[in-house]
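For reference, the structure is listed below as structure tokens.
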Amino acid sequence: MDLDRDLNPQQREAVLHEGSPLLVLAGAGSGKTRALTYRIAHLVLHRGIAPWNILALTFTNKAAEEMRLRVQRLLGMEKPGIWIGTFHAICARILRRHIDRLGYRTNFVIYDASDQSRVVKSCLKRLGEEGKRIRPAAVQSLIEKAKNQAVDPALLVPQNAPMSRALGEVVADYRRHMEEANALDFGDLIFLVLRLFDAFPDIRATYQTRFHSILVDEYQDTNRAQHLLLRKVSSRNAELCVVGDDDQSIYRWRGAEVNNLLDFEKDFPGTRILTLEENYRSTQTILRAADAVARGNPERMEKRLWTLNETGEPVVYMEAPTSDGEAAFVVREIQRLVTEHQVPYRHIGVFFRTNAQSRPFEENCVFSRIPYAVIGSVRYYERAEVKDLLAYLRFLYNPSDTVSLLRIINQPPRGIGPATQAALQAYADRRGECLGKAIEHALENEVPSGASRGKIERFQGLIRKLRRQLEDAVPPEKLLKSVIELTGYRDYLQGKEDGERRLENVDEFVQTAAQFQGMEGDLGGRELLGAFLQRIALVSDIDQYEEKANCVSLMTLHCAKGLEFPIVFLTGMEDGVLPHQRSYTSPEALAEERRLCYVGITRAKKKLFLSRACRRSLYGESRQTAPSPFLASIPPDLIDFDNGSVERDALNSPEPAGYEVGEGDSALDYGESQLDRPPLPPPPAADRGRRFRIGDRITHETLGIGTVRKVEGTGYKEKITVQFAAGKIRKLMARISPVRKVS
DNA sequence: CCTCGGTGATTTTTT
DNA sequence: ATCACCGAGG
């Protein structure tokens, strides 16, 4: 580590500064991670601060992981013992130690949004008719919002609204449920630590004395609760260093308050402010485009990003007739880059505003045999089969976890249907116990009668057996295997749709468990399982991103933050998409969309493509679009309008040129996506959601021409059985196989 | 218990 | 367009 050689003067100062709080305003690509990691290394190596006296907070596990790795490398130590992690993970760690003081047990589980939704729904159900009129999502968002602001949700229930009484009851009931289940939601992790620190000064003092030096990354993304946490955990003589960029604040909707960054100086008097303005990532052209977009927002901290990098190529702007055409263009361009310029796939990122936009890109990639990975859309841990197994583990770990119990009690089916479940639940309610407890001795008493008795007994036996394994310190992987074996889960999946793929997911899950325990080998069975479950609850999509895999990355702009790619396609540059339609409700929301656009542009190192579809179907209907207003912010001389095929002033005209689908004089004719079929008469009702019908002639990229013999499933799950010319019969997934109809 | 069809809601982004 | 949820029928 050579500070003079590796860092510029501002970075160096960020590393060396001591004696007062430090705020580093770090523009995109200005090497803030470098500054942070060097600072940590410097603290340890040259200032004699013990690693365990350092706390570094990030927003994603990936950022934490990267920081840990880089610090380790700088220090040349294997496990320095620095507390590096996300806010949520660090809080979970603190709670794991002290949560008993708040009346919870230490084997709490963390509920994700869908678990939370189940709890809310069951609370609403209990309310009867009134409950039906309240949207679960509304309750969830109220609870989340409150906790983000460090306010008791009960206090945030509107007082005079028509449903306020019912709403209040749900909120209270939710809390009861969660406490009974010994479960925490995301918001609780932060919120409860605050409560813990407030109620028990001794605990707070422990951490205050522990953390001499605290560093926070992406400070513009902190919400009020996190900000308070920072204040409470930092003592008077703690050394605070926060890094952020107001231009990259894109989580306002989730409660983030940029003002935490902007007002940092007020909260921590004597703060030294540094600005990192040299960009090491992008070409001058890209940087100028980004800067122009950012300047469209009136309220921001003035920054002048500059770079010594080359001018680079112009930004390419492209208009396609439809969203499929847009995807076809992108894919075509990718192929060109790969074949003509030897660009590896992994150097390419394709970004979009919403997850729903990914489909055409996926389809076109599949068709063109381009390896790709969608980061984030279908989350691994939310797939049914993985969640099932996870629910077993969770219920074994925490017998009060009712949500998990209800998920597995009849999965795979073992004859314990809704009626039996209701009887058990009623019994549990009568005794004022949680379902799991009640089931344990339900049989000794009157409930339930008849046929279900044996079934419950068998389930009980299963759980007992598994719990015993857990007591015997059987590690997660083995436990998981036992669950699969004892429940016959494998056979159960085999018979189902998509069985193969889902089995793969199951195997992957087992491997994840094995991998995890390999890393954390020094814990016992119970603690190990707890750590494993916690890890899973707190991983995010972006954490799954692997730069090693050589494939094109498809992701939302939110996911893209913190990453960089030599080549970036920023797609869907349309009014209503970016900025999103719903952001027009407030100027603040609109400003955030602009920052989102800025984030997207600044991910690009060498070359940036912007694209738009003149027609896009949304909610099932196709609509004409206008170019994103953000495009007009970019100086035209930076843009290559694709050889004049797009009118230069197209971006300034209020109306989009009147393109017809698939044609139009000034639109580029990339044609329809290869997956599109020629227009057909509307299919009969039975074929709704299907591309194919029995008897259709199709052509497959490698298998040749064939006839559709059977069609199963609809939409994404549509499967066709095709008899090919050579006599081969194949079953294919319609949506992802390279097939197309022959007219 | 499972499957099917109909219905209604839902879609921004996620630790 | 797609998904979750519900009720009916096998």
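By order in the structure tokens, chains are A, B, ...; within a chain, residues start at 1; ligands start at 1, following the order shown.
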Considering only C-alpha atoms (C1' of nucleotides), extract the chain A residues located within 7 Å of chain B and return them as a VMD selection string. chain A and resid 59 88 354 558
Those same residues - C-alpha atoms - I'd like them written as a JSON list (two decimals), in the first residue's frame.
```json
[["chain", "number", "residue", "atom", "x", "y", "z"],
["A", 59, "PHE", "CA", -26.12, -1.20, 1.68],
["A", 88, "HIS", "CA", -29.32, -4.91, 8.29],
["A", 354, "THR", "CA", -38.60, -2.01, -14.53],
["A", 558, "HIS", "CA", -31.45, 0.15, -9.35]]
```
Stretch 352-592 of chain A: residues DSSP assigns to strand (DSSP E or B), reported as a PyMOL selection string: chain A and resi 352+372-375+552-556+565-570+574+576-577+580
Residue nearest A:Arg96 - candidates A:Gly31, A:Leu45, A:Ser583, A:Leu189, atoms counted: only C-alpha atoms: A:Leu189
